[in-house]
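As provided, query00.cif (mmCIF, N, CA and C atoms) reads as follows.
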data_structure
loop_
_atom_site.label_atom_id
_atom_site.label_comp_id
_atom_site.auth_asym_id
_atom_site.auth_seq_id
_atom_site.Cartn_x
_atom_site.Cartn_y
_atom_site.Cartn_z
N MET A 229 47.79 -67.38 38.36
CA MET A 229 49.15 -67.10 37.94
C MET A 229 49.29 -67.23 36.42
N VAL A 230 48.63 -68.23 35.85
CA VAL A 230 48.71 -68.44 34.40
C VAL A 230 48.15 -67.23 33.67
N TYR A 231 47.01 -66.75 34.13
CA TYR A 231 46.39 -65.59 33.49
C TYR A 231 47.27 -64.34 33.63
N ALA A 232 47.92 -64.19 34.77
CA ALA A 232 48.81 -63.05 34.98
C ALA A 232 49.97 -63.08 34.00
N ILE A 233 50.50 -64.26 33.72
CA ILE A 233 51.59 -64.39 32.75
C ILE A 233 51.05 -64.06 31.35
N GLY A 234 49.82 -64.50 31.07
CA GLY A 234 49.20 -64.15 29.79
C GLY A 234 49.03 -62.64 29.66
N LEU A 235 48.58 -62.00 30.73
CA LEU A 235 48.42 -60.55 30.70
C LEU A 235 49.75 -59.82 30.53
N LEU A 236 50.80 -60.41 31.04
CA LEU A 236 52.13 -59.85 30.81
C LEU A 236 52.44 -59.83 29.31
N GLY A 237 52.13 -60.93 28.65
CA GLY A 237 52.29 -60.98 27.19
C GLY A 237 51.42 -59.95 26.49
N GLY A 238 50.19 -59.77 27.01
CA GLY A 238 49.27 -58.80 26.44
C GLY A 238 49.71 -57.36 26.67
N SER A 239 50.57 -57.14 27.65
CA SER A 239 51.11 -55.81 27.90
C SER A 239 52.39 -55.55 27.12
N ILE A 240 53.23 -56.56 27.03
CA ILE A 240 54.50 -56.41 26.33
C ILE A 240 54.30 -56.44 24.81
N GLY A 241 53.38 -57.27 24.33
CA GLY A 241 53.16 -57.43 22.90
C GLY A 241 52.89 -56.14 22.15
N PRO A 242 51.91 -55.33 22.61
CA PRO A 242 51.67 -54.08 21.88
C PRO A 242 52.87 -53.15 21.85
N LEU A 243 53.68 -53.16 22.90
CA LEU A 243 54.88 -52.31 22.91
C LEU A 243 55.89 -52.77 21.87
N ILE A 244 56.19 -54.07 21.88
CA ILE A 244 57.21 -54.60 20.96
C ILE A 244 56.69 -54.60 19.52
N LEU A 245 55.47 -55.09 19.32
CA LEU A 245 54.94 -55.15 17.96
C LEU A 245 54.61 -53.76 17.43
N GLY A 246 54.30 -52.82 18.32
CA GLY A 246 54.11 -51.43 17.89
C GLY A 246 55.39 -50.85 17.34
N ARG A 247 56.50 -51.17 17.99
CA ARG A 247 57.81 -50.72 17.50
C ARG A 247 58.13 -51.37 16.15
N CYS A 248 57.79 -52.65 16.03
CA CYS A 248 57.97 -53.34 14.73
C CYS A 248 57.09 -52.70 13.66
N GLY A 249 55.87 -52.33 14.04
CA GLY A 249 54.96 -51.68 13.11
C GLY A 249 55.50 -50.34 12.63
N ASP A 250 56.18 -49.61 13.52
CA ASP A 250 56.81 -48.35 13.13
C ASP A 250 57.83 -48.56 12.02
N LYS A 251 58.56 -49.64 12.12
CA LYS A 251 59.64 -49.90 11.18
C LYS A 251 59.19 -50.65 9.91
N ALA A 252 58.41 -51.70 10.08
CA ALA A 252 58.03 -52.55 8.95
C ALA A 252 56.71 -52.16 8.31
N GLY A 253 55.91 -51.37 9.01
CA GLY A 253 54.58 -51.02 8.52
C GLY A 253 53.52 -51.68 9.39
N TYR A 254 52.49 -50.91 9.71
CA TYR A 254 51.47 -51.41 10.63
C TYR A 254 50.64 -52.54 10.04
N ILE A 255 50.29 -52.42 8.78
CA ILE A 255 49.45 -53.47 8.18
C ILE A 255 50.23 -54.78 8.08
N LYS A 256 51.48 -54.72 7.65
CA LYS A 256 52.29 -55.95 7.56
C LYS A 256 52.44 -56.60 8.93
N THR A 257 52.71 -55.79 9.92
CA THR A 257 52.87 -56.31 11.28
C THR A 257 51.55 -56.87 11.80
N THR A 258 50.45 -56.20 11.48
CA THR A 258 49.13 -56.67 11.91
C THR A 258 48.78 -58.00 11.25
N VAL A 259 49.09 -58.14 9.97
CA VAL A 259 48.82 -59.40 9.27
C VAL A 259 49.61 -60.54 9.92
N ALA A 260 50.89 -60.30 10.16
CA ALA A 260 51.72 -61.34 10.80
C ALA A 260 51.20 -61.67 12.19
N SER A 261 50.82 -60.66 12.95
CA SER A 261 50.30 -60.88 14.29
C SER A 261 48.97 -61.62 14.26
N ALA A 262 48.11 -61.27 13.31
CA ALA A 262 46.80 -61.94 13.19
C ALA A 262 46.96 -63.41 12.81
N VAL A 263 47.87 -63.69 11.89
CA VAL A 263 48.10 -65.09 11.49
C VAL A 263 48.66 -65.88 12.68
N ALA A 264 49.63 -65.29 13.37
CA ALA A 264 50.21 -65.98 14.53
C ALA A 264 49.15 -66.21 15.61
N ALA A 265 48.34 -65.19 15.90
CA ALA A 265 47.29 -65.33 16.92
C ALA A 265 46.26 -66.37 16.50
N SER A 266 45.95 -66.44 15.21
CA SER A 266 44.99 -67.43 14.72
C SER A 266 45.51 -68.85 14.90
N ILE A 267 46.74 -69.06 14.53
CA ILE A 267 47.35 -70.39 14.69
C ILE A 267 47.41 -70.75 16.17
N LEU A 268 47.76 -69.79 17.00
CA LEU A 268 47.81 -70.04 18.43
C LEU A 268 46.42 -70.33 19.00
N ALA A 269 45.41 -69.63 18.50
CA ALA A 269 44.03 -69.89 18.96
C ALA A 269 43.58 -71.29 18.55
N TYR A 270 43.82 -71.66 17.29
CA TYR A 270 43.47 -73.01 16.84
C TYR A 270 44.15 -74.06 17.73
N SER A 271 45.42 -73.86 17.98
CA SER A 271 46.18 -74.90 18.69
C SER A 271 45.90 -74.93 20.20
N MET A 272 45.16 -73.95 20.71
CA MET A 272 44.76 -74.02 22.13
C MET A 272 43.90 -75.26 22.39
N ALA A 273 43.19 -75.71 21.37
CA ALA A 273 42.33 -76.89 21.52
C ALA A 273 43.14 -78.17 21.76
N LEU A 274 44.43 -78.14 21.49
CA LEU A 274 45.26 -79.32 21.67
C LEU A 274 45.63 -79.57 23.13
N HIS A 275 45.58 -78.54 23.96
CA HIS A 275 45.97 -78.68 25.37
C HIS A 275 44.85 -79.35 26.16
N ARG A 276 45.20 -80.38 26.89
CA ARG A 276 44.22 -81.09 27.71
C ARG A 276 44.46 -80.92 29.20
N SER A 277 45.63 -80.42 29.57
CA SER A 277 45.92 -80.18 30.98
C SER A 277 46.90 -79.02 31.08
N SER A 278 47.00 -78.49 32.28
CA SER A 278 47.89 -77.36 32.52
C SER A 278 49.34 -77.83 32.49
N SER A 279 50.16 -77.05 31.81
CA SER A 279 51.58 -77.37 31.74
C SER A 279 52.34 -76.08 31.44
N ILE A 280 53.64 -76.17 31.47
CA ILE A 280 54.47 -75.01 31.13
C ILE A 280 54.26 -74.61 29.67
N LEU A 281 53.98 -75.57 28.81
CA LEU A 281 53.69 -75.25 27.40
C LEU A 281 52.40 -74.45 27.26
N LEU A 282 51.40 -74.78 28.06
CA LEU A 282 50.15 -74.02 28.04
C LEU A 282 50.39 -72.58 28.48
N ILE A 283 51.20 -72.40 29.50
CA ILE A 283 51.50 -71.06 29.99
C ILE A 283 52.22 -70.25 28.91
N LEU A 284 53.20 -70.84 28.27
CA LEU A 284 53.91 -70.18 27.18
C LEU A 284 52.95 -69.87 26.02
N HIS A 285 52.08 -70.81 25.74
CA HIS A 285 51.10 -70.66 24.66
C HIS A 285 50.17 -69.47 24.93
N ILE A 286 49.66 -69.38 26.15
CA ILE A 286 48.78 -68.27 26.51
C ILE A 286 49.53 -66.94 26.46
N PHE A 287 50.78 -66.94 26.91
CA PHE A 287 51.60 -65.74 26.84
C PHE A 287 51.72 -65.27 25.38
N LEU A 288 52.06 -66.19 24.48
CA LEU A 288 52.23 -65.83 23.07
C LEU A 288 50.90 -65.43 22.42
N LEU A 289 49.82 -66.11 22.80
CA LEU A 289 48.51 -65.76 22.24
C LEU A 289 48.12 -64.34 22.64
N MET A 290 48.31 -64.00 23.88
CA MET A 290 47.98 -62.65 24.32
C MET A 290 48.97 -61.63 23.78
N PHE A 291 50.22 -62.02 23.63
CA PHE A 291 51.25 -61.15 23.05
C PHE A 291 50.83 -60.71 21.65
N THR A 292 50.38 -61.67 20.84
CA THR A 292 50.00 -61.35 19.46
C THR A 292 48.57 -60.83 19.38
N GLY A 293 47.65 -61.44 20.10
CA GLY A 293 46.24 -61.07 20.00
C GLY A 293 45.92 -59.70 20.56
N PHE A 294 46.50 -59.35 21.70
CA PHE A 294 46.23 -58.05 22.31
C PHE A 294 46.89 -56.92 21.52
N SER A 295 47.82 -57.24 20.64
CA SER A 295 48.49 -56.22 19.84
C SER A 295 47.66 -55.75 18.66
N LEU A 296 46.70 -56.55 18.24
CA LEU A 296 45.95 -56.23 17.02
C LEU A 296 45.21 -54.89 17.09
N PRO A 297 44.42 -54.62 18.13
CA PRO A 297 43.74 -53.32 18.15
C PRO A 297 44.70 -52.13 18.18
N THR A 298 45.79 -52.27 18.91
CA THR A 298 46.77 -51.19 18.99
C THR A 298 47.42 -50.93 17.64
N LEU A 299 47.77 -52.00 16.93
CA LEU A 299 48.38 -51.84 15.61
C LEU A 299 47.40 -51.22 14.62
N LEU A 300 46.16 -51.66 14.65
CA LEU A 300 45.15 -51.10 13.74
C LEU A 300 44.88 -49.63 14.07
N GLN A 301 44.80 -49.30 15.34
CA GLN A 301 44.58 -47.91 15.72
C GLN A 301 45.76 -47.04 15.28
N SER A 302 46.97 -47.53 15.44
CA SER A 302 48.14 -46.78 14.99
C SER A 302 48.12 -46.55 13.49
N TYR A 303 47.71 -47.57 12.75
CA TYR A 303 47.59 -47.43 11.30
C TYR A 303 46.57 -46.35 10.94
N LEU A 304 45.42 -46.38 11.60
CA LEU A 304 44.37 -45.39 11.32
C LEU A 304 44.84 -43.98 11.65
N VAL A 305 45.48 -43.82 12.79
CA VAL A 305 45.93 -42.49 13.22
C VAL A 305 46.96 -41.92 12.23
N ARG A 306 47.80 -42.77 11.70
CA ARG A 306 48.81 -42.29 10.76
C ARG A 306 48.28 -42.12 9.33
N SER A 307 47.14 -42.74 9.04
CA SER A 307 46.58 -42.69 7.68
C SER A 307 45.62 -41.54 7.47
N VAL A 308 45.00 -41.07 8.53
CA VAL A 308 43.96 -40.05 8.42
C VAL A 308 44.43 -38.79 9.16
N HIS A 309 44.11 -37.63 8.60
CA HIS A 309 44.61 -36.38 9.18
C HIS A 309 43.46 -35.44 9.52
N GLY A 310 43.76 -34.51 10.41
CA GLY A 310 42.81 -33.46 10.76
C GLY A 310 41.60 -33.97 11.52
N TYR A 311 40.48 -33.32 11.24
CA TYR A 311 39.21 -33.64 11.91
C TYR A 311 38.77 -35.08 11.60
N ASP A 312 39.08 -35.56 10.41
CA ASP A 312 38.70 -36.92 10.03
C ASP A 312 39.32 -37.96 10.95
N ARG A 313 40.49 -37.66 11.49
CA ARG A 313 41.16 -38.59 12.40
C ARG A 313 40.30 -38.84 13.63
N ASP A 314 39.75 -37.78 14.20
CA ASP A 314 38.88 -37.93 15.38
C ASP A 314 37.67 -38.79 15.06
N LEU A 315 37.10 -38.56 13.89
CA LEU A 315 35.92 -39.34 13.49
C LEU A 315 36.27 -40.82 13.31
N VAL A 316 37.38 -41.09 12.64
CA VAL A 316 37.77 -42.47 12.37
C VAL A 316 38.12 -43.20 13.66
N VAL A 317 38.86 -42.56 14.54
CA VAL A 317 39.22 -43.20 15.81
C VAL A 317 37.97 -43.42 16.66
N GLY A 318 37.06 -42.45 16.68
CA GLY A 318 35.80 -42.64 17.41
C GLY A 318 34.99 -43.79 16.85
N LEU A 319 34.92 -43.89 15.53
CA LEU A 319 34.22 -44.99 14.88
C LEU A 319 34.89 -46.33 15.19
N PHE A 320 36.22 -46.33 15.19
CA PHE A 320 36.99 -47.53 15.50
C PHE A 320 36.64 -48.04 16.90
N PHE A 321 36.64 -47.15 17.89
CA PHE A 321 36.32 -47.56 19.26
C PHE A 321 34.86 -47.98 19.40
N THR A 322 33.97 -47.27 18.72
CA THR A 322 32.54 -47.63 18.78
C THR A 322 32.31 -49.03 18.23
N VAL A 323 32.88 -49.31 17.08
CA VAL A 323 32.74 -50.64 16.47
C VAL A 323 33.36 -51.70 17.37
N ASN A 324 34.51 -51.41 17.96
CA ASN A 324 35.16 -52.36 18.86
C ASN A 324 34.31 -52.67 20.08
N PHE A 325 33.74 -51.63 20.70
CA PHE A 325 32.93 -51.87 21.90
C PHE A 325 31.67 -52.67 21.57
N ILE A 326 31.04 -52.36 20.45
CA ILE A 326 29.85 -53.12 20.04
C ILE A 326 30.23 -54.56 19.72
N SER A 327 31.31 -54.73 18.98
CA SER A 327 31.76 -56.08 18.60
C SER A 327 32.12 -56.90 19.82
N ASN A 328 32.79 -56.28 20.78
CA ASN A 328 33.18 -57.01 22.00
C ASN A 328 31.96 -57.49 22.78
N SER A 329 30.92 -56.69 22.80
CA SER A 329 29.69 -57.10 23.50
C SER A 329 29.05 -58.30 22.81
N ILE A 330 28.99 -58.25 21.50
CA ILE A 330 28.43 -59.37 20.73
C ILE A 330 29.32 -60.60 20.87
N TRP A 331 30.61 -60.39 20.81
CA TRP A 331 31.59 -61.49 20.88
C TRP A 331 31.46 -62.26 22.19
N THR A 332 31.28 -61.54 23.28
CA THR A 332 31.12 -62.19 24.59
C THR A 332 29.91 -63.11 24.59
N GLY A 333 28.81 -62.65 24.01
CA GLY A 333 27.61 -63.48 23.93
C GLY A 333 27.79 -64.70 23.04
N VAL A 334 28.49 -64.53 21.92
CA VAL A 334 28.73 -65.65 21.00
C VAL A 334 29.60 -66.71 21.67
N ILE A 335 30.67 -66.29 22.32
CA ILE A 335 31.56 -67.24 23.00
C ILE A 335 30.81 -67.94 24.13
N GLY A 336 30.03 -67.19 24.88
CA GLY A 336 29.23 -67.80 25.95
C GLY A 336 28.25 -68.82 25.40
N PHE A 337 27.62 -68.52 24.27
CA PHE A 337 26.70 -69.46 23.63
C PHE A 337 27.43 -70.74 23.22
N LEU A 338 28.61 -70.58 22.62
CA LEU A 338 29.38 -71.77 22.21
C LEU A 338 29.76 -72.63 23.42
N LEU A 339 30.17 -71.98 24.50
CA LEU A 339 30.53 -72.74 25.70
C LEU A 339 29.33 -73.46 26.29
N ASP A 340 28.18 -72.80 26.33
CA ASP A 340 26.97 -73.44 26.85
C ASP A 340 26.50 -74.58 25.96
N THR A 341 26.60 -74.39 24.67
CA THR A 341 26.09 -75.38 23.72
C THR A 341 26.98 -76.62 23.66
N TYR A 342 28.28 -76.41 23.54
CA TYR A 342 29.21 -77.53 23.31
C TYR A 342 29.94 -77.99 24.57
N LEU A 343 29.80 -77.25 25.67
CA LEU A 343 30.47 -77.59 26.93
C LEU A 343 31.97 -77.79 26.77
N SER A 344 32.54 -76.98 25.89
CA SER A 344 33.97 -77.08 25.59
C SER A 344 34.44 -75.74 25.02
N PHE A 345 35.69 -75.44 25.26
CA PHE A 345 36.29 -74.25 24.67
C PHE A 345 36.73 -74.49 23.22
N ASP A 346 36.82 -75.73 22.80
CA ASP A 346 37.34 -76.04 21.47
C ASP A 346 36.60 -75.32 20.34
N PRO A 347 35.26 -75.31 20.30
CA PRO A 347 34.58 -74.56 19.23
C PRO A 347 34.89 -73.06 19.28
N ALA A 348 35.05 -72.53 20.47
CA ALA A 348 35.38 -71.11 20.60
C ALA A 348 36.77 -70.84 20.03
N PHE A 349 37.73 -71.71 20.33
CA PHE A 349 39.08 -71.54 19.79
C PHE A 349 39.07 -71.65 18.27
N ILE A 350 38.29 -72.57 17.74
CA ILE A 350 38.21 -72.74 16.28
C ILE A 350 37.59 -71.50 15.64
N LEU A 351 36.54 -70.96 16.25
CA LEU A 351 35.92 -69.74 15.73
C LEU A 351 36.91 -68.57 15.80
N MET A 352 37.60 -68.44 16.91
CA MET A 352 38.58 -67.37 17.06
C MET A 352 39.66 -67.45 15.98
N GLY A 353 40.19 -68.64 15.79
CA GLY A 353 41.24 -68.83 14.78
C GLY A 353 40.73 -68.56 13.38
N SER A 354 39.52 -69.02 13.08
CA SER A 354 38.95 -68.82 11.75
C SER A 354 38.71 -67.35 11.46
N LEU A 355 38.12 -66.64 12.41
CA LEU A 355 37.87 -65.22 12.20
C LEU A 355 39.18 -64.43 12.12
N GLY A 356 40.18 -64.86 12.86
CA GLY A 356 41.50 -64.21 12.78
C GLY A 356 42.12 -64.37 11.40
N LEU A 357 41.99 -65.55 10.83
CA LEU A 357 42.54 -65.76 9.48
C LEU A 357 41.77 -64.96 8.44
N ILE A 358 40.45 -64.88 8.59
CA ILE A 358 39.65 -64.06 7.67
C ILE A 358 40.08 -62.59 7.78
N GLY A 359 40.27 -62.13 9.00
CA GLY A 359 40.74 -60.76 9.21
C GLY A 359 42.11 -60.53 8.60
N ALA A 360 43.00 -61.50 8.74
CA ALA A 360 44.34 -61.38 8.16
C ALA A 360 44.26 -61.30 6.64
N LEU A 361 43.38 -62.09 6.04
CA LEU A 361 43.21 -62.03 4.58
C LEU A 361 42.68 -60.67 4.14
N ILE A 362 41.74 -60.13 4.88
CA ILE A 362 41.22 -58.79 4.56
C ILE A 362 42.33 -57.75 4.66
N LEU A 363 43.11 -57.82 5.72
CA LEU A 363 44.22 -56.88 5.88
C LEU A 363 45.28 -57.05 4.80
N LEU A 364 45.51 -58.30 4.40
CA LEU A 364 46.46 -58.54 3.32
C LEU A 364 45.95 -57.91 2.03
N GLY A 365 44.66 -58.01 1.77
CA GLY A 365 44.07 -57.37 0.60
C GLY A 365 44.20 -55.86 0.67
N ILE A 366 44.01 -55.28 1.86
CA ILE A 366 44.16 -53.84 2.03
C ILE A 366 45.60 -53.43 1.75
N SER A 367 46.55 -54.20 2.25
CA SER A 367 47.96 -53.84 2.05
C SER A 367 48.34 -53.93 0.58
N ARG A 368 47.82 -54.91 -0.12
CA ARG A 368 48.12 -55.02 -1.56
C ARG A 368 47.46 -53.90 -2.34
N TYR A 369 46.23 -53.53 -1.96
CA TYR A 369 45.54 -52.44 -2.63
C TYR A 369 46.27 -51.13 -2.40
N LYS A 370 46.74 -50.91 -1.17
CA LYS A 370 47.43 -49.69 -0.83
C LYS A 370 48.72 -49.58 -1.62
N VAL A 371 49.45 -50.68 -1.77
CA VAL A 371 50.70 -50.66 -2.52
C VAL A 371 50.43 -50.36 -3.99
N LYS A 372 49.40 -50.98 -4.58
CA LYS A 372 49.09 -50.76 -5.98
C LYS A 372 48.60 -49.35 -6.24
N SER A 373 47.86 -48.77 -5.30
CA SER A 373 47.29 -47.44 -5.51
C SER A 373 48.30 -46.33 -5.24
N SER A 374 49.43 -46.65 -4.60
CA SER A 374 50.42 -45.62 -4.28
C SER A 374 51.22 -45.21 -5.48
#
Structure translated into structure tokens:
Amino acid sequence: MVYAIGLLGGSIGPLILGRCGDKAGYIKTTVASAVAASILAYSMALHRSSSILLILHIFLLMFTGFSLPTLLQSYLVRSVHGYDRDLVVGLFFTVNFISNSIWTGVIGFLLDTYLSFDPAFILMGSLGLIGALILLGISRYKVKSS
């Protein structure tokens, strides 16, 4: 049931944050979502037992985290035109599928090595913040070059 509620957040998040991205800009919305997801991933390590707060936490984590690929794809589709769009979207999905395969192995290794989800949550949060900083740099570069 907890996972189902999380998946509900993962389904609603891209819809709501996609609409926000339409209005505020996809990169800005993605940066905010990445920072929120990172903080939520870090703080998952604080939960020691199941509670209503954990359920809400997982809902919000999936709400923000599952929105990231959709927001980035929307940004790419609106930034690139013509035949290049097909190439960029294809490259985006190829990199995502390869990264997801590697990511699963890395998380599995951390779980086997440390017998805890805490290192995985810390890695997730850290990489999310690094990604947010990269996106923030892209948004600043785009504004300056316009």
Checklist line | Interatomic distance (Å, one decimal) between atom N of A:Tyr270 and atom N of A:Gly353 | finding: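 Atom N of A:Gly353 lies at a distance of 5.0 Å from atom N of A:Tyr270.
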Next item on the list: Quick one: everything within 8 Å of A:Ala262, counting only C-alpha atoms, minus sequence neighbours fewer than 2 positions away in the same chain. Send it as a PyMOL selection string.
Entry: chain A and resi 258-260+264-266+292-293+296+356-357+359-360
Next item on the list: Using only N, CA and C atoms, pick whichever of A:Leu363, A:Leu236, A:Ile280, A:Gln301 has the shortest atom-to-atom distance to A:Phe320.
Entry: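 Among A:Leu363, A:Leu236, A:Ile280, A:Gln301, it is A:Gln301 that comes nearest to A:Phe320.
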Note to self: Considering all atoms listed in the file, can you say which of A:Leu268, A:Ile362, A:Leu282, A:Leu300 comes closest to A:Phe349?
What the structure shows: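 The answer is A:Leu268, which sits nearest to A:Phe349.
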Margin query: Report, in Å to a single decimal, how far apart atom C of A:Val317 and atom C of A:Val305 are.
Written below: 10.1 Å
Item checked: Explicit residue set for the PyMOL selection byres ((chain A and resi 234) around 7), as a PyMOL selection string -> chain A and resi 229-233+235-239+283+286-288+290-291
Would you give me, as a PDB file with N, CA and C atoms, keeping the file's coordinate frame, the residues in stretch 249-283 of chain A that DSSP reads as helix (DSSP H, G or I)?
ATOM      1  N   GLY A 249      55.870 -52.330  14.040  1.00  0.00           N
ATOM      2  CA  GLY A 249      54.960 -51.680  13.110  1.00  0.00           C
ATOM      3  C   GLY A 249      55.500 -50.340  12.630  1.00  0.00           C
ATOM      4  N   ASP A 250      56.180 -49.610  13.520  1.00  0.00           N
ATOM      5  CA  ASP A 250      56.810 -48.350  13.130  1.00  0.00           C
ATOM      6  C   ASP A 250      57.830 -48.560  12.020  1.00  0.00           C
ATOM      7  N   LYS A 251      58.560 -49.640  12.120  1.00  0.00           N
ATOM      8  CA  LYS A 251      59.640 -49.900  11.180  1.00  0.00           C
ATOM      9  C   LYS A 251      59.190 -50.650   9.910  1.00  0.00           C
ATOM     10  N   ALA A 252      58.410 -51.700  10.080  1.00  0.00           N
ATOM     11  CA  ALA A 252      58.030 -52.550   8.950  1.00  0.00           C
ATOM     12  C   ALA A 252      56.710 -52.160   8.310  1.00  0.00           C
ATOM     13  N   TYR A 254      52.490 -50.910   9.710  1.00  0.00           N
ATOM     14  CA  TYR A 254      51.470 -51.410  10.630  1.00  0.00           C
ATOM     15  C   TYR A 254      50.640 -52.540  10.040  1.00  0.00           C
ATOM     16  N   ILE A 255      50.290 -52.420   8.780  1.00  0.00           N
ATOM     17  CA  ILE A 255      49.450 -53.470   8.180  1.00  0.00           C
ATOM     18  C   ILE A 255      50.230 -54.780   8.080  1.00  0.00           C
ATOM     19  N   LYS A 256      51.480 -54.720   7.650  1.00  0.00           N
ATOM     20  CA  LYS A 256      52.290 -55.950   7.560  1.00  0.00           C
ATOM     21  C   LYS A 256      52.440 -56.600   8.930  1.00  0.00           C
ATOM     22  N   THR A 257      52.710 -55.790   9.920  1.00  0.00           N
ATOM     23  CA  THR A 257      52.870 -56.310  11.280  1.00  0.00           C
ATOM     24  C   THR A 257      51.550 -56.870  11.800  1.00  0.00           C
ATOM     25  N   THR A 258      50.450 -56.200  11.480  1.00  0.00           N
ATOM     26  CA  THR A 258      49.130 -56.670  11.910  1.00  0.00           C
ATOM     27  C   THR A 258      48.780 -58.000  11.250  1.00  0.00           C
ATOM     28  N   VAL A 259      49.090 -58.140   9.970  1.00  0.00           N
ATOM     29  CA  VAL A 259      48.820 -59.400   9.270  1.00  0.00           C
ATOM     30  C   VAL A 259      49.610 -60.540   9.920  1.00  0.00           C
ATOM     31  N   ALA A 260      50.890 -60.300  10.160  1.00  0.00           N
ATOM     32  CA  ALA A 260      51.720 -61.340  10.800  1.00  0.00           C
ATOM     33  C   ALA A 260      51.200 -61.670  12.190  1.00  0.00           C
ATOM     34  N   SER A 261      50.820 -60.660  12.950  1.00  0.00           N
ATOM     35  CA  SER A 261      50.300 -60.880  14.290  1.00  0.00           C
ATOM     36  C   SER A 261      48.970 -61.620  14.260  1.00  0.00           C
ATOM     37  N   ALA A 262      48.110 -61.270  13.310  1.00  0.00           N
ATOM     38  CA  ALA A 262      46.800 -61.940  13.190  1.00  0.00           C
ATOM     39  C   ALA A 262      46.960 -63.410  12.810  1.00  0.00           C
ATOM     40  N   VAL A 263      47.870 -63.690  11.890  1.00  0.00           N
ATOM     41  CA  VAL A 263      48.100 -65.090  11.490  1.00  0.00           C
ATOM     42  C   VAL A 263      48.660 -65.880  12.680  1.00  0.00           C
ATOM     43  N   ALA A 264      49.630 -65.290  13.370  1.00  0.00           N
ATOM     44  CA  ALA A 264      50.210 -65.980  14.530  1.00  0.00           C
ATOM     45  C   ALA A 264      49.150 -66.210  15.610  1.00  0.00           C
ATOM     46  N   ALA A 265      48.340 -65.190  15.900  1.00  0.00           N
ATOM     47  CA  ALA A 265      47.290 -65.330  16.920  1.00  0.00           C
ATOM     48  C   ALA A 265      46.260 -66.370  16.500  1.00  0.00           C
ATOM     49  N   SER A 266      45.950 -66.440  15.210  1.00  0.00           N
ATOM     50  CA  SER A 266      44.990 -67.430  14.720  1.00  0.00           C
ATOM     51  C   SER A 266      45.510 -68.850  14.900  1.00  0.00           C
ATOM     52  N   ILE A 267      46.740 -69.060  14.530  1.00  0.00           N
ATOM     53  CA  ILE A 267      47.350 -70.390  14.690  1.00  0.00           C
ATOM     54  C   ILE A 267      47.410 -70.750  16.170  1.00  0.00           C
ATOM     55  N   LEU A 268      47.760 -69.790  17.000  1.00  0.00           N
ATOM     56  CA  LEU A 268      47.810 -70.040  18.430  1.00  0.00           C
ATOM     57  C   LEU A 268      46.420 -70.330  19.000  1.00  0.00           C
ATOM     58  N   ALA A 269      45.410 -69.630  18.500  1.00  0.00           N
ATOM     59  CA  ALA A 269      44.030 -69.890  18.960  1.00  0.00           C
ATOM     60  C   ALA A 269      43.580 -71.290  18.550  1.00  0.00           C
ATOM     61  N   TYR A 270      43.820 -71.660  17.290  1.00  0.00           N
ATOM     62  CA  TYR A 270      43.470 -73.010  16.840  1.00  0.00           C
ATOM     63  C   TYR A 270      44.150 -74.060  17.730  1.00  0.00           C
ATOM     64  N   SER A 271      45.420 -73.860  17.980  1.00  0.00           N
ATOM     65  CA  SER A 271      46.180 -74.900  18.690  1.00  0.00           C
ATOM     66  C   SER A 271      45.900 -74.930  20.200  1.00  0.00           C
ATOM     67  N   MET A 272      45.160 -73.950  20.710  1.00  0.00           N
ATOM     68  CA  MET A 272      44.760 -74.020  22.130  1.00  0.00           C
ATOM     69  C   MET A 272      43.900 -75.260  22.390  1.00  0.00           C
ATOM     70  N   ALA A 273      43.190 -75.710  21.370  1.00  0.00           N
ATOM     71  CA  ALA A 273      42.330 -76.890  21.520  1.00  0.00           C
ATOM     72  C   ALA A 273      43.140 -78.170  21.760  1.00  0.00           C
ATOM     73  N   LEU A 274      44.430 -78.140  21.490  1.00  0.00           N
ATOM     74  CA  LEU A 274      45.260 -79.320  21.670  1.00  0.00           C
ATOM     75  C   LEU A 274      45.630 -79.570  23.130  1.00  0.00           C
ATOM     76  N   ILE A 280      53.640 -76.170  31.470  1.00  0.00           N
ATOM     77  CA  ILE A 280      54.470 -75.010  31.130  1.00  0.00           C
ATOM     78  C   ILE A 280      54.260 -74.610  29.670  1.00  0.00           C
ATOM     79  N   LEU A 281      53.980 -75.570  28.810  1.00  0.00           N
ATOM     80  CA  LEU A 281      53.690 -75.250  27.400  1.00  0.00           C
ATOM     81  C   LEU A 281      52.400 -74.450  27.260  1.00  0.00           C
ATOM     82  N   LEU A 282      51.400 -74.780  28.060  1.00  0.00           N
ATOM     83  CA  LEU A 282      50.150 -74.020  28.040  1.00  0.00           C
ATOM     84  C   LEU A 282      50.390 -72.580  28.480  1.00  0.00           C
ATOM     85  N   ILE A 283      51.200 -72.400  29.500  1.00  0.00           N
ATOM     86  CA  ILE A 283      51.500 -71.060  29.990  1.00  0.00           C
ATOM     87  C   ILE A 283      52.220 -70.250  28.910  1.00  0.00           C
TER      88      ILE A 283
END
Notebook entry, point to check: So which one's closest to A:Gly249, A:Leu299, A:Val323, A:Ala348, A:Ile358? Using only C-alpha atoms, please.
Noted result: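 Among A:Leu299, A:Val323, A:Ala348, A:Ile358, it is A:Leu299 that comes nearest to A:Gly249.
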Margin query: Using Å and a single decimal, report how far atom C of A:Leu274 sits from atom N of A:Trp331.
Written below: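 Here the two named atoms are 24.5 Å from each other.
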Next item on the list: List every protein, DNA or RNA residue that has an atom no more than 6 Å from (40.1, -73.6, 20.6) in the file's coordinate frame, counting all atoms listed in the file, and report them as a list in words.
Entry: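 Every residue inside that radius is included here: Ala269, Tyr270, Ser271, Met272, Ala273, Phe345, Asp346, Pro347, Ala348, Phe349 and Ile350 of chain A.
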